[in-house]
>>> print(open('data_5.txt').read())   # compact mmCIF, C-alpha atoms
# COMPACT_ATOMS: atom_id res chain seq x y z
CA MET A 1 27.90 -2.84 8.89
CA PRO A 2 27.60 0.91 9.54
CA THR A 3 24.55 2.83 8.39
CA ASN A 4 24.44 6.25 6.85
CA GLN A 5 22.51 9.39 7.71
CA ALA A 6 22.26 12.71 5.89
CA ALA A 7 20.89 16.20 6.35
CA TRP A 8 18.24 16.32 3.60
CA PHE A 9 16.35 19.28 2.16
CA HIS A 10 13.08 18.29 0.48
CA SER A 11 12.34 21.54 -1.36
CA ASN A 12 14.47 24.43 -2.57
CA GLY A 13 15.12 26.66 0.42
CA GLY A 14 13.11 24.35 2.67
CA PRO A 15 14.09 23.00 6.09
CA PHE A 16 16.68 20.28 6.55
CA THR A 17 15.77 17.03 8.26
CA VAL A 18 18.21 14.35 9.39
CA GLY A 19 17.32 10.88 8.20
CA GLU A 20 18.57 7.63 6.77
CA ALA A 21 20.65 7.76 3.60
CA PRO A 22 21.95 5.10 1.24
CA MET A 23 25.57 4.13 1.75
CA PRO A 24 27.46 5.35 -1.35
CA GLN A 25 28.49 2.47 -3.61
CA LEU A 26 32.02 3.27 -4.71
CA ALA A 27 33.28 3.53 -8.26
CA GLY A 28 36.76 2.14 -8.78
CA ASP A 29 38.57 5.47 -8.27
CA GLU A 30 36.54 6.64 -5.29
CA VAL A 31 37.09 6.48 -1.55
CA LEU A 32 34.48 6.45 1.21
CA ILE A 33 35.07 9.05 3.93
CA ARG A 34 33.53 8.92 7.40
CA SER A 35 32.89 12.64 7.85
CA HIS A 36 34.19 14.27 11.02
CA ALA A 37 33.99 17.90 9.89
CA ILE A 38 32.30 19.57 6.94
CA ALA A 39 32.75 23.14 5.72
CA PHE A 40 30.32 25.36 3.86
CA ASN A 41 30.75 27.52 0.76
CA PRO A 42 28.57 29.98 -1.17
CA ALA A 43 27.84 27.08 -3.55
CA ASP A 44 26.08 25.23 -0.73
CA ALA A 45 23.63 28.08 -0.23
CA ALA A 46 22.99 28.07 -3.99
CA VAL A 47 22.40 24.29 -3.99
CA TRP A 48 19.91 24.66 -1.14
CA LYS A 49 18.06 27.70 -2.50
CA SER A 50 17.97 26.87 -6.22
CA GLY A 51 18.70 23.16 -6.54
CA LEU A 52 21.99 23.89 -8.34
CA PHE A 53 23.78 20.63 -9.30
CA THR A 54 20.94 18.49 -7.96
CA THR A 55 18.97 16.12 -10.17
CA SER A 56 16.18 15.23 -7.73
CA LEU A 57 14.84 15.95 -4.26
CA PRO A 58 15.45 15.33 -1.44
CA ALA A 59 19.11 16.27 -1.74
CA THR A 60 22.18 17.10 0.33
CA VAL A 61 24.71 19.93 0.46
CA GLY A 62 28.43 20.07 1.24
CA CYS A 63 31.55 20.43 -0.94
CA ASP A 64 34.26 20.06 1.73
CA VAL A 65 34.97 17.23 4.13
CA ALA A 66 37.65 15.96 6.49
CA GLY A 67 37.48 12.56 8.11
CA ILE A 68 38.71 8.98 8.01
CA ILE A 69 38.83 6.58 5.07
CA ALA A 70 36.20 3.87 5.62
CA ALA A 71 36.56 2.02 2.30
CA VAL A 72 38.41 2.32 -1.02
CA GLY A 73 37.40 1.52 -4.58
CA GLN A 74 39.10 -1.25 -6.54
CA SER A 75 41.44 1.07 -8.42
CA ALA A 76 42.05 3.54 -5.59
CA LEU A 77 45.62 2.85 -4.51
CA LYS A 78 46.76 5.95 -2.61
CA PHE A 79 44.81 5.40 0.61
CA LYS A 80 43.94 2.69 3.10
CA VAL A 81 41.16 2.31 5.61
CA GLY A 82 41.92 4.46 8.67
CA ASP A 83 43.82 7.23 6.86
CA ARG A 84 42.97 10.77 7.98
CA VAL A 85 42.08 12.84 4.90
CA LEU A 86 40.50 15.95 3.47
CA GLY A 87 38.59 15.86 0.20
CA VAL A 88 35.89 17.09 -2.16
CA PRO A 89 32.80 14.85 -2.44
CA ASN A 90 32.00 13.53 -5.91
CA TRP A 91 29.20 15.74 -7.20
CA SER A 92 29.36 14.28 -10.72
CA ALA A 93 27.77 10.89 -9.84
CA GLU A 94 24.41 11.36 -11.55
CA ASP A 95 22.82 8.22 -10.07
CA ARG A 96 23.70 9.19 -6.48
CA ILE A 97 21.13 11.29 -4.62
CA ASP A 98 23.32 11.96 -1.57
CA LYS A 99 26.26 13.64 -3.30
CA GLY A 100 27.30 16.21 -0.72
CA SER A 101 29.39 15.96 2.41
CA GLY A 102 26.39 16.71 4.63
CA GLN A 103 26.15 13.08 5.72
CA LEU A 104 28.01 10.61 7.90
CA TYR A 105 29.65 8.85 4.92
CA CYS A 106 30.39 10.46 1.56
CA ALA A 107 32.21 9.35 -1.58
CA ALA A 108 35.10 11.35 -3.03
CA PHE A 109 37.41 10.85 -5.98
CA GLU A 110 40.80 9.57 -4.91
CA GLY A 111 42.33 12.33 -7.04
CA LEU A 112 40.58 15.03 -5.00
CA THR A 113 41.59 13.61 -1.62
CA ALA A 114 44.77 14.29 0.37
CA LYS A 115 46.19 12.84 3.57
CA LEU A 116 45.88 15.07 6.60
CA PRO A 117 48.92 15.34 8.87
CA GLU A 118 48.30 14.00 12.37
CA ASP A 119 48.69 17.43 13.96
CA VAL A 120 46.01 19.04 11.77
CA GLU A 121 42.50 18.85 13.23
CA PHE A 122 39.57 17.77 11.06
CA THR A 123 37.86 21.09 11.75
CA ASP A 124 40.89 22.89 10.32
CA GLY A 125 41.56 20.61 7.35
CA CYS A 126 38.03 20.75 6.00
CA VAL A 127 38.29 24.47 5.20
CA LEU A 128 40.63 23.79 2.26
CA PRO A 129 39.54 21.26 -0.41
CA LEU A 130 37.12 23.07 -2.76
CA ALA A 131 38.77 26.48 -2.33
CA LEU A 132 42.16 24.97 -3.17
CA CYS A 133 40.76 23.31 -6.31
CA THR A 134 39.10 26.53 -7.43
CA ALA A 135 42.16 28.70 -6.86
CA ALA A 136 44.50 26.11 -8.39
CA SER A 137 42.45 25.86 -11.57
CA SER A 138 42.63 29.61 -12.15
CA LEU A 139 46.25 30.02 -11.11
CA PHE A 140 47.95 26.96 -12.59
CA GLN A 141 46.01 25.47 -15.51
CA LYS A 142 47.74 26.25 -18.79
CA ASP A 143 44.65 27.90 -20.30
CA ASN A 144 44.30 30.11 -17.22
CA LEU A 145 47.24 32.01 -15.69
CA GLY A 146 49.60 29.04 -16.12
CA LEU A 147 51.74 29.88 -13.07
CA PRO A 148 54.43 27.47 -11.80
CA LEU A 149 53.08 24.86 -9.40
CA PRO A 150 53.72 25.66 -5.71
CA GLY A 151 56.81 24.41 -3.94
CA LEU A 152 57.81 23.85 -0.32
CA ASP A 153 60.47 26.54 0.17
CA LEU A 154 59.07 30.03 0.65
CA ASN A 155 62.59 31.44 0.63
CA ALA A 156 63.75 29.85 -2.62
CA SER A 157 65.49 32.37 -4.86
CA LYS A 158 63.98 33.07 -8.28
CA THR A 159 65.75 34.45 -11.33
CA GLU A 160 62.71 36.62 -12.07
CA THR A 161 59.94 37.58 -9.67
CA LYS A 162 56.56 38.48 -11.09
CA VAL A 163 53.60 39.90 -9.26
CA VAL A 164 50.11 38.40 -9.33
CA LEU A 165 47.03 40.28 -8.12
CA VAL A 166 44.39 38.32 -6.22
CA TRP A 167 41.13 40.26 -6.08
CA GLY A 168 39.26 39.19 -2.92
CA GLY A 169 42.09 37.88 -0.77
CA SER A 170 40.09 37.37 2.42
CA SER A 171 37.62 34.96 0.79
CA SER A 172 38.16 31.21 1.11
CA VAL A 173 39.38 30.97 -2.48
CA GLY A 174 41.46 34.12 -2.16
CA SER A 175 43.12 32.85 1.04
CA CYS A 176 44.22 29.70 -0.75
CA ALA A 177 45.32 31.66 -3.82
CA ILE A 178 47.58 33.98 -1.80
CA GLN A 179 49.29 31.03 -0.12
CA MET A 180 49.75 28.98 -3.28
CA ALA A 181 50.94 31.92 -5.39
CA ARG A 182 53.52 32.81 -2.77
CA ALA A 183 54.65 29.16 -2.66
CA SER A 184 55.04 29.39 -6.45
CA GLY A 185 57.64 32.10 -5.98
CA LEU A 186 55.47 35.06 -6.96
CA THR A 187 55.01 38.39 -5.24
CA VAL A 188 51.37 38.64 -4.25
CA ALA A 189 49.18 41.72 -4.25
CA THR A 190 45.58 41.49 -3.07
CA THR A 191 42.41 43.41 -2.33
CA CYS A 192 40.19 43.13 0.71
CA SER A 193 38.42 45.39 3.19
CA ALA A 194 40.59 47.40 5.56
CA ARG A 195 39.73 45.18 8.53
CA ASN A 196 41.34 42.19 6.76
CA PHE A 197 44.64 43.86 5.80
CA GLU A 198 46.69 42.11 8.47
CA TYR A 199 44.97 38.79 7.75
CA CYS A 200 46.04 38.94 4.09
CA ARG A 201 49.55 40.10 4.95
CA ASP A 202 49.88 37.20 7.37
CA LEU A 203 49.00 34.81 4.52
CA GLY A 204 51.85 36.21 2.45
CA ALA A 205 50.52 39.20 0.51
CA ALA A 206 53.21 41.84 -0.05
CA TYR A 207 50.74 44.51 -1.13
CA VAL A 208 47.21 44.97 0.22
CA PHE A 209 44.63 47.39 -1.16
CA ASP A 210 41.18 48.44 0.06
CA TYR A 211 38.74 47.47 -2.68
CA THR A 212 36.04 49.75 -1.26
CA ILE A 213 37.79 53.04 -2.04
CA SER A 214 37.13 54.78 -5.35
CA THR A 215 40.82 55.08 -6.29
CA VAL A 216 41.68 51.40 -5.84
CA VAL A 217 42.51 50.82 -9.53
CA GLU A 218 44.80 53.86 -9.68
CA ASP A 219 46.41 52.90 -6.37
CA ILE A 220 47.21 49.39 -7.56
CA VAL A 221 48.56 50.49 -10.93
CA LYS A 222 50.76 53.15 -9.32
CA GLN A 223 52.12 50.78 -6.65
CA LEU A 224 52.88 47.94 -9.08
CA GLU A 225 54.19 50.13 -11.89
CA GLY A 226 57.45 48.78 -13.31
CA GLN A 227 56.90 45.24 -12.07
CA LYS A 228 56.05 42.45 -14.48
CA SER A 229 52.55 41.12 -13.98
CA ALA A 230 51.80 37.40 -14.02
CA GLY A 231 48.10 38.25 -14.38
CA VAL A 232 45.08 38.90 -12.19
CA PHE A 233 42.85 36.38 -10.43
CA THR A 234 39.36 37.46 -9.32
CA ALA A 235 38.57 35.14 -6.40
CA ILE A 236 34.97 36.32 -6.06
CA ILE A 237 32.05 36.42 -8.50
CA SER A 238 31.35 40.06 -9.23
CA ALA A 239 31.01 42.01 -12.48
CA GLU A 240 32.62 45.02 -10.82
CA SER A 241 35.65 43.01 -9.70
CA ILE A 242 36.12 41.65 -13.23
CA THR A 243 35.85 45.14 -14.73
CA LYS A 244 38.41 46.62 -12.32
CA SER A 245 40.72 43.61 -12.63
CA ALA A 246 40.66 43.88 -16.42
CA GLU A 247 41.51 47.57 -16.29
CA ILE A 248 44.46 46.81 -14.00
CA ALA A 249 45.67 43.96 -16.23
CA HIS A 250 45.40 46.28 -19.23
CA ARG A 251 47.54 48.96 -17.63
CA LEU A 252 50.26 46.78 -16.06
CA GLN A 253 53.24 45.35 -17.92
CA GLY A 254 53.21 41.62 -18.53
CA ASN A 255 50.42 39.06 -18.78
CA LYS A 256 47.17 40.83 -19.69
CA HIS A 257 44.98 38.02 -18.41
CA VAL A 258 42.18 37.89 -15.84
CA ALA A 259 41.35 34.44 -14.54
CA THR A 260 37.91 34.29 -12.93
CA VAL A 261 36.05 31.90 -10.63
CA LEU A 262 33.17 31.83 -13.10
CA PRO A 263 32.46 28.34 -14.47
CA PRO A 264 32.88 27.82 -18.24
CA MET A 265 29.13 28.31 -18.76
CA GLY A 266 29.30 31.67 -16.97
CA GLY A 267 30.34 33.81 -19.93
CA SER A 268 27.14 35.85 -19.77
CA GLN A 269 28.33 37.27 -16.42
CA VAL A 270 31.43 38.83 -17.97
CA PRO A 271 30.98 42.56 -18.67
CA SER A 272 31.03 43.40 -22.38
CA ASP A 273 33.08 46.61 -22.32
CA LEU A 274 36.45 45.27 -21.17
CA PRO A 275 39.80 46.28 -22.75
CA GLU A 276 40.34 44.34 -25.98
CA ASP A 277 43.89 43.29 -25.09
CA VAL A 278 42.82 41.49 -21.88
CA GLN A 279 42.04 37.78 -21.95
CA ILE A 280 39.29 36.47 -19.67
CA SER A 281 39.31 32.82 -18.63
CA PHE A 282 37.06 30.54 -16.61
CA CYS A 283 37.47 28.15 -13.70
CA TRP A 284 37.26 24.37 -14.04
CA SER A 285 37.72 23.83 -10.28
CA THR A 286 37.57 20.09 -9.48
CA HIS A 287 38.35 19.16 -13.10
CA ILE A 288 42.00 19.59 -12.12
CA LYS A 289 41.97 15.96 -10.96
CA ASP A 290 42.34 14.87 -14.60
CA ASP A 291 45.07 17.26 -15.79
CA GLU A 292 48.60 18.44 -15.08
CA VAL A 293 47.57 20.34 -11.93
CA GLY A 294 45.57 17.98 -9.70
CA PRO A 295 47.92 15.03 -9.01
CA PRO A 296 50.97 17.11 -8.00
CA LEU A 297 48.79 19.60 -6.11
CA PHE A 298 47.15 16.97 -3.90
CA GLU A 299 50.56 15.46 -3.13
CA TRP A 300 51.81 18.96 -2.28
CA ILE A 301 48.92 19.66 0.11
CA THR A 302 50.01 17.04 2.66
CA LYS A 303 53.67 18.09 2.58
CA ALA A 304 52.85 21.80 2.62
CA LEU A 305 50.56 21.43 5.62
CA ALA A 306 53.26 19.47 7.46
CA LYS A 307 55.86 22.17 6.76
CA GLY A 308 53.58 25.13 7.48
CA VAL A 309 53.81 26.38 3.89
CA LEU A 310 50.05 25.90 3.63
CA ARG A 311 47.77 26.85 6.51
CA CYS A 312 44.11 26.05 7.03
CA LYS A 313 42.67 29.46 6.28
CA PRO A 314 40.23 31.09 6.67
CA SER A 315 40.03 29.98 10.28
CA PRO A 316 37.10 27.69 11.05
CA GLU A 317 34.12 28.72 13.11
CA VAL A 318 32.29 25.66 14.41
CA VAL A 319 28.58 26.41 14.08
CA GLY A 320 27.51 23.25 15.86
CA GLN A 321 27.88 19.51 16.21
CA GLY A 322 25.95 16.86 14.35
CA LEU A 323 24.04 16.92 11.09
CA GLU A 324 21.25 18.89 12.77
CA ALA A 325 23.56 21.96 12.63
CA VAL A 326 23.67 21.96 8.81
CA GLN A 327 20.54 24.13 8.69
CA GLN A 328 22.11 26.90 10.75
CA ALA A 329 25.40 26.74 8.83
CA VAL A 330 23.75 27.06 5.41
CA GLU A 331 21.49 29.89 6.54
CA ARG A 332 24.50 31.82 7.84
CA MET A 333 26.44 31.05 4.66
CA GLU A 334 23.65 32.56 2.58
CA LYS A 335 24.11 35.86 4.46
CA GLY A 336 27.84 35.85 3.69
CA VAL A 337 31.03 35.66 5.76
CA SER A 338 34.52 37.12 5.43
CA ALA A 339 37.85 35.67 6.56
CA THR A 340 35.90 32.86 8.24
CA LYS A 341 34.86 29.34 7.25
CA LEU A 342 31.68 27.89 8.77
CA ILE A 343 32.07 24.32 10.04
CA VAL A 344 29.84 21.57 11.34
CA GLU A 345 31.63 18.98 13.45
CA ILE A 346 30.38 15.40 13.29
CA PRO A 347 31.54 13.29 16.27
>>> encode(input="data_5.txt", output="structure tokens")
Amino acid sequence: MPTNQAAWFHSNGGPFTVGEAPMPQLAGDEVLIRSHAIAFNPADAAVWKSGLFTTSLPATVGCDVAGIIAAVGQSALKFKVGDRVLGVPNWSAEDRIDKGSGQLYCAAFEGLTAKLPEDVEFTDGCVLPLALCTAASSLFQKDNLGLPLPGLDLNASKTETKVVLVWGGSSSVGSCAIQMARASGLTVATTCSARNFEYCRDLGAAYVFDYTISTVVEDIVKQLEGQKSAGVFTAIISAESITKSAEIAHRLQGNKHVATVLPPMGGSQVPSDLPEDVQISFCWSTHIKDDEVGPPLFEWITKALAKGVLRCKPSPEVVGQGLEAVQQAVERMEKGVSATKLIVEIP
């Protein structure tokens, strides 16, 4: 019987230590993943520094994982032991102290797990899960932008092409949003810093704007004038980005809606002086597993990766090997990265 280990932090912002961990006991709709690569997000730095989402200490971090199925719950029917997968660990299990992917074995909902094609490395696949869920919630849920779900033919003809603006296209969430919106048949415009223009164009953005210049709102409105807007998605948490996105949505023709990455309890972070005709919505992220978005999306992921419609972006940067490298990865994540995903590889 295998044993589990985790990278634990014992106080908020304190050092990580690698030690024994309980083996997750699976609920019926969960799968057990032997982690081979874990990726880090801004949320992980927040968990470590503030105890966000944790109910007790010591605790673990990690919202992205790629590895091999080690066990399946009684009602989990999509996977078998030995399948290569990517997934989001189950952070909603209140009685489980080791919720994150920063351990040898983690539990994930079957509905937030997808098979990984044989030619996709674990270190590549793990960059996607949480960012895909976050972007998909804002783009496709009916109470958000409600866009068509992505397909597998990037050249499919559409009777009407709308444009969607992704604010923050070089972020992990923005990178996924550009790819999925393009696969949905939309024209994609995005913002990023000038050094990431080619990166965003390579992902499929037709228009790229420098968010750092003072005229960015005017530039976007002028360039997209006459096109029908499908809405705006702010892929980063920033009051300024919401304000500028709302002004753009207000001035463009079409859907005057800004979907944010703020969670539903984040309403206090929305600026109060936005145009009255612009709707602001919130992100339910991993809740997509229970609605009209999650099941078809996680089926699409495997096929889209196999066809090259979806790529593992941002590109991974392996910080180190083994759970001992979690400390370095989280510390670097706290400082911020762009167009890069920090990875720890677990042999």
>>> closest_atom_pairs(input="data_5.txt", of="range 272-334 of chain A", to="range 73-81 of chain A", cutoff="12 Å", atoms="all atoms listed in the file", output="Markdown table")
| residue | atom | partner | partner_atom | distance |
| --- | --- | --- | --- | --- |
| A:Pro295 | CA | A:Lys78 | CA | 11.2 |
| A:Phe298 | CA | A:Lys78 | CA | 11.1 |
| A:Glu299 | CA | A:Lys78 | CA | 10.3 |
>>> closest_atom_pairs(input="data_5.txt", of="range 71-123 of chain A", to="range 16-20 of chain A", cutoff="12 Å", atoms="only C-alpha atoms", output="CSV")
residue,atom,partner,partner_atom,distance
A:Asp98,CA,A:Glu20,CA,10.5
A:Gly102,CA,A:Val18,CA,9.8
A:Gln103,CA,A:Val18,CA,8.8
A:Leu104,CA,A:Glu20,CA,10.0
A:Tyr105,CA,A:Glu20,CA,11.3
>>> closest_atom_pairs(input="data_5.txt", of="range 312-337 of chain A", to="range 128-144 of chain A", cutoff="12 Å", atoms="only C-alpha atoms", output="Markdown table")
| residue | atom | partner | partner_atom | distance |
| --- | --- | --- | --- | --- |
| A:Cys312 | CA | A:Leu128 | CA | 6.3 |
| A:Lys313 | CA | A:Leu128 | CA | 7.2 |
| A:Pro314 | CA | A:Leu128 | CA | 8.5 |
| A:Ser315 | CA | A:Leu128 | CA | 10.1 |
| A:Pro316 | CA | A:Leu128 | CA | 10.2 |
>>> atom_distance(input="data_5.txt", atom1="CA of Ala206 in chain A", atom2="CA of Ile301 in chain A")
22.6 Å
>>> residues_around(input="data_5.txt", residues="range 216-228 of chain A", least_positions_apart="3", cutoff="10 Å", atoms="all atoms listed in the file", output="PyMOL selection string")
chain A and resi 160-165+187+189-191+207-213+231+244-255
>>> residues_around(input="data_5.txt", residues="Val127 in chain A", least_positions_apart="4", cutoff="10 Å", atoms="all atoms listed in the file", output="number ranges by chain")
A: 37-41, 63-66, 86-87, 122-123, 131-132, 172, 176, 311-317, 340-343
>>> write_last_selection(input="data_5.txt", atoms="C-alpha atoms", output="mmCIF file, in the coordinates of the input")
data_model
loop_
_atom_site.group_PDB
_atom_site.id
_atom_site.type_symbol
_atom_site.label_atom_id
_atom_site.label_comp_id
_atom_site.auth_asym_id
_atom_site.auth_seq_id
_atom_site.Cartn_x
_atom_site.Cartn_y
_atom_site.Cartn_z
ATOM 1 C CA ALA A 37 33.990 17.900 9.890
ATOM 2 C CA ILE A 38 32.300 19.570 6.940
ATOM 3 C CA ALA A 39 32.750 23.140 5.720
ATOM 4 C CA PHE A 40 30.320 25.360 3.860
ATOM 5 C CA ASN A 41 30.750 27.520 0.760
ATOM 6 C CA CYS A 63 31.550 20.430 -0.940
ATOM 7 C CA ASP A 64 34.260 20.060 1.730
ATOM 8 C CA VAL A 65 34.970 17.230 4.130
ATOM 9 C CA ALA A 66 37.650 15.960 6.490
ATOM 10 C CA LEU A 86 40.500 15.950 3.470
ATOM 11 C CA GLY A 87 38.590 15.860 0.200
ATOM 12 C CA PHE A 122 39.570 17.770 11.060
ATOM 13 C CA THR A 123 37.860 21.090 11.750
ATOM 14 C CA ALA A 131 38.770 26.480 -2.330
ATOM 15 C CA LEU A 132 42.160 24.970 -3.170
ATOM 16 C CA SER A 172 38.160 31.210 1.110
ATOM 17 C CA CYS A 176 44.220 29.700 -0.750
ATOM 18 C CA ARG A 311 47.770 26.850 6.510
ATOM 19 C CA CYS A 312 44.110 26.050 7.030
ATOM 20 C CA LYS A 313 42.670 29.460 6.280
ATOM 21 C CA PRO A 314 40.230 31.090 6.670
ATOM 22 C CA SER A 315 40.030 29.980 10.280
ATOM 23 C CA PRO A 316 37.100 27.690 11.050
ATOM 24 C CA GLU A 317 34.120 28.720 13.110
ATOM 25 C CA THR A 340 35.900 32.860 8.240
ATOM 26 C CA LYS A 341 34.860 29.340 7.250
ATOM 27 C CA LEU A 342 31.680 27.890 8.770
ATOM 28 C CA ILE A 343 32.070 24.320 10.040
#
>>> atom_distance(input="data_5.txt", atom1="CA of Leu112 in chain A", atom2="CA of Ser184 in chain A")
20.4 Å
>>> decode(input="data_5.txt", residues="range 134-142 of chain A", atoms="all heavy atoms", output="PDB file, in the first residue's frame")
ATOM      1  N   THR A 134     -11.686  28.679 -14.669  1.00  0.00           N
ATOM      2  CA  THR A 134     -11.959  30.079 -14.389  1.00  0.00           C
ATOM      3  C   THR A 134     -12.400  30.814 -15.649  1.00  0.00           C
ATOM      4  O   THR A 134     -13.417  31.526 -15.652  1.00  0.00           O
ATOM      5  CB  THR A 134     -10.706  30.744 -13.792  1.00  0.00           C
ATOM      6  OG1 THR A 134     -10.324  30.026 -12.605  1.00  0.00           O
ATOM      7  CG2 THR A 134     -10.968  32.189 -13.441  1.00  0.00           C
ATOM      8  N   ALA A 135     -11.646  30.632 -16.722  1.00  0.00           N
ATOM      9  CA  ALA A 135     -12.006  31.293 -17.977  1.00  0.00           C
ATOM     10  C   ALA A 135     -13.337  30.780 -18.511  1.00  0.00           C
ATOM     11  O   ALA A 135     -14.165  31.558 -19.002  1.00  0.00           O
ATOM     12  CB  ALA A 135     -10.903  31.094 -19.012  1.00  0.00           C
ATOM     13  N   ALA A 136     -13.561  29.475 -18.412  1.00  0.00           N
ATOM     14  CA  ALA A 136     -14.797  28.889 -18.941  1.00  0.00           C
ATOM     15  C   ALA A 136     -16.020  29.387 -18.194  1.00  0.00           C
ATOM     16  O   ALA A 136     -17.078  29.629 -18.792  1.00  0.00           O
ATOM     17  CB  ALA A 136     -14.723  27.365 -18.866  1.00  0.00           C
ATOM     18  N   SER A 137     -15.918  29.542 -16.884  1.00  0.00           N
ATOM     19  CA  SER A 137     -17.044  30.068 -16.117  1.00  0.00           C
ATOM     20  C   SER A 137     -17.446  31.444 -16.627  1.00  0.00           C
ATOM     21  O   SER A 137     -18.628  31.719 -16.883  1.00  0.00           O
ATOM     22  CB  SER A 137     -16.671  30.148 -14.636  1.00  0.00           C
ATOM     23  OG  SER A 137     -17.645  30.871 -13.900  1.00  0.00           O
ATOM     24  N   SER A 138     -16.468  32.320 -16.803  1.00  0.00           N
ATOM     25  CA  SER A 138     -16.763  33.692 -17.219  1.00  0.00           C
ATOM     26  C   SER A 138     -17.196  33.786 -18.674  1.00  0.00           C
ATOM     27  O   SER A 138     -18.042  34.607 -19.029  1.00  0.00           O
ATOM     28  CB  SER A 138     -15.541  34.577 -16.974  1.00  0.00           C
ATOM     29  OG  SER A 138     -15.263  34.677 -15.592  1.00  0.00           O
ATOM     30  N   LEU A 139     -16.640  32.949 -19.520  1.00  0.00           N
ATOM     31  CA  LEU A 139     -16.981  33.012 -20.941  1.00  0.00           C
ATOM     32  C   LEU A 139     -18.295  32.322 -21.281  1.00  0.00           C
ATOM     33  O   LEU A 139     -19.086  32.836 -22.096  1.00  0.00           O
ATOM     34  CB  LEU A 139     -15.867  32.373 -21.782  1.00  0.00           C
ATOM     35  CG  LEU A 139     -14.514  33.061 -21.829  1.00  0.00           C
ATOM     36  CD1 LEU A 139     -13.544  32.237 -22.670  1.00  0.00           C
ATOM     37  CD2 LEU A 139     -14.620  34.480 -22.383  1.00  0.00           C
ATOM     38  N   PHE A 140     -18.565  31.158 -20.676  1.00  0.00           N
ATOM     39  CA  PHE A 140     -19.622  30.289 -21.194  1.00  0.00           C
ATOM     40  C   PHE A 140     -20.858  30.147 -20.312  1.00  0.00           C
ATOM     41  O   PHE A 140     -21.924  29.810 -20.824  1.00  0.00           O
ATOM     42  CB  PHE A 140     -19.051  28.891 -21.470  1.00  0.00           C
ATOM     43  CG  PHE A 140     -17.858  28.894 -22.378  1.00  0.00           C
ATOM     44  CD1 PHE A 140     -16.654  28.331 -21.993  1.00  0.00           C
ATOM     45  CD2 PHE A 140     -17.927  29.493 -23.630  1.00  0.00           C
ATOM     46  CE1 PHE A 140     -15.553  28.338 -22.827  1.00  0.00           C
ATOM     47  CE2 PHE A 140     -16.833  29.512 -24.485  1.00  0.00           C
ATOM     48  CZ  PHE A 140     -15.634  28.946 -24.083  1.00  0.00           C
ATOM     49  N   GLN A 141     -20.750  30.361 -19.016  1.00  0.00           N
ATOM     50  CA  GLN A 141     -21.947  30.217 -18.184  1.00  0.00           C
ATOM     51  C   GLN A 141     -23.007  31.221 -18.605  1.00  0.00           C
ATOM     52  O   GLN A 141     -22.707  32.357 -18.957  1.00  0.00           O
ATOM     53  CB  GLN A 141     -21.596  30.377 -16.705  1.00  0.00           C
ATOM     54  CG  GLN A 141     -20.940  29.140 -16.105  1.00  0.00           C
ATOM     55  CD  GLN A 141     -20.674  29.287 -14.621  1.00  0.00           C
ATOM     56  OE1 GLN A 141     -20.190  30.321 -14.168  1.00  0.00           O
ATOM     57  NE2 GLN A 141     -20.979  28.249 -13.854  1.00  0.00           N
ATOM     58  N   LYS A 142     -24.265  30.800 -18.547  1.00  0.00           N
ATOM     59  CA  LYS A 142     -25.347  31.615 -19.092  1.00  0.00           C
ATOM     60  C   LYS A 142     -25.525  32.933 -18.352  1.00  0.00           C
ATOM     61  O   LYS A 142     -25.997  33.919 -18.932  1.00  0.00           O
ATOM     62  CB  LYS A 142     -26.650  30.823 -19.088  1.00  0.00           C
ATOM     63  CG  LYS A 142     -27.095  30.323 -17.729  1.00  0.00           C
ATOM     64  CD  LYS A 142     -28.318  29.430 -17.840  1.00  0.00           C
ATOM     65  CE  LYS A 142     -28.737  28.894 -16.475  1.00  0.00           C
ATOM     66  NZ  LYS A 142     -29.899  27.969 -16.588  1.00  0.00           N
TER      67      LYS A 142
END
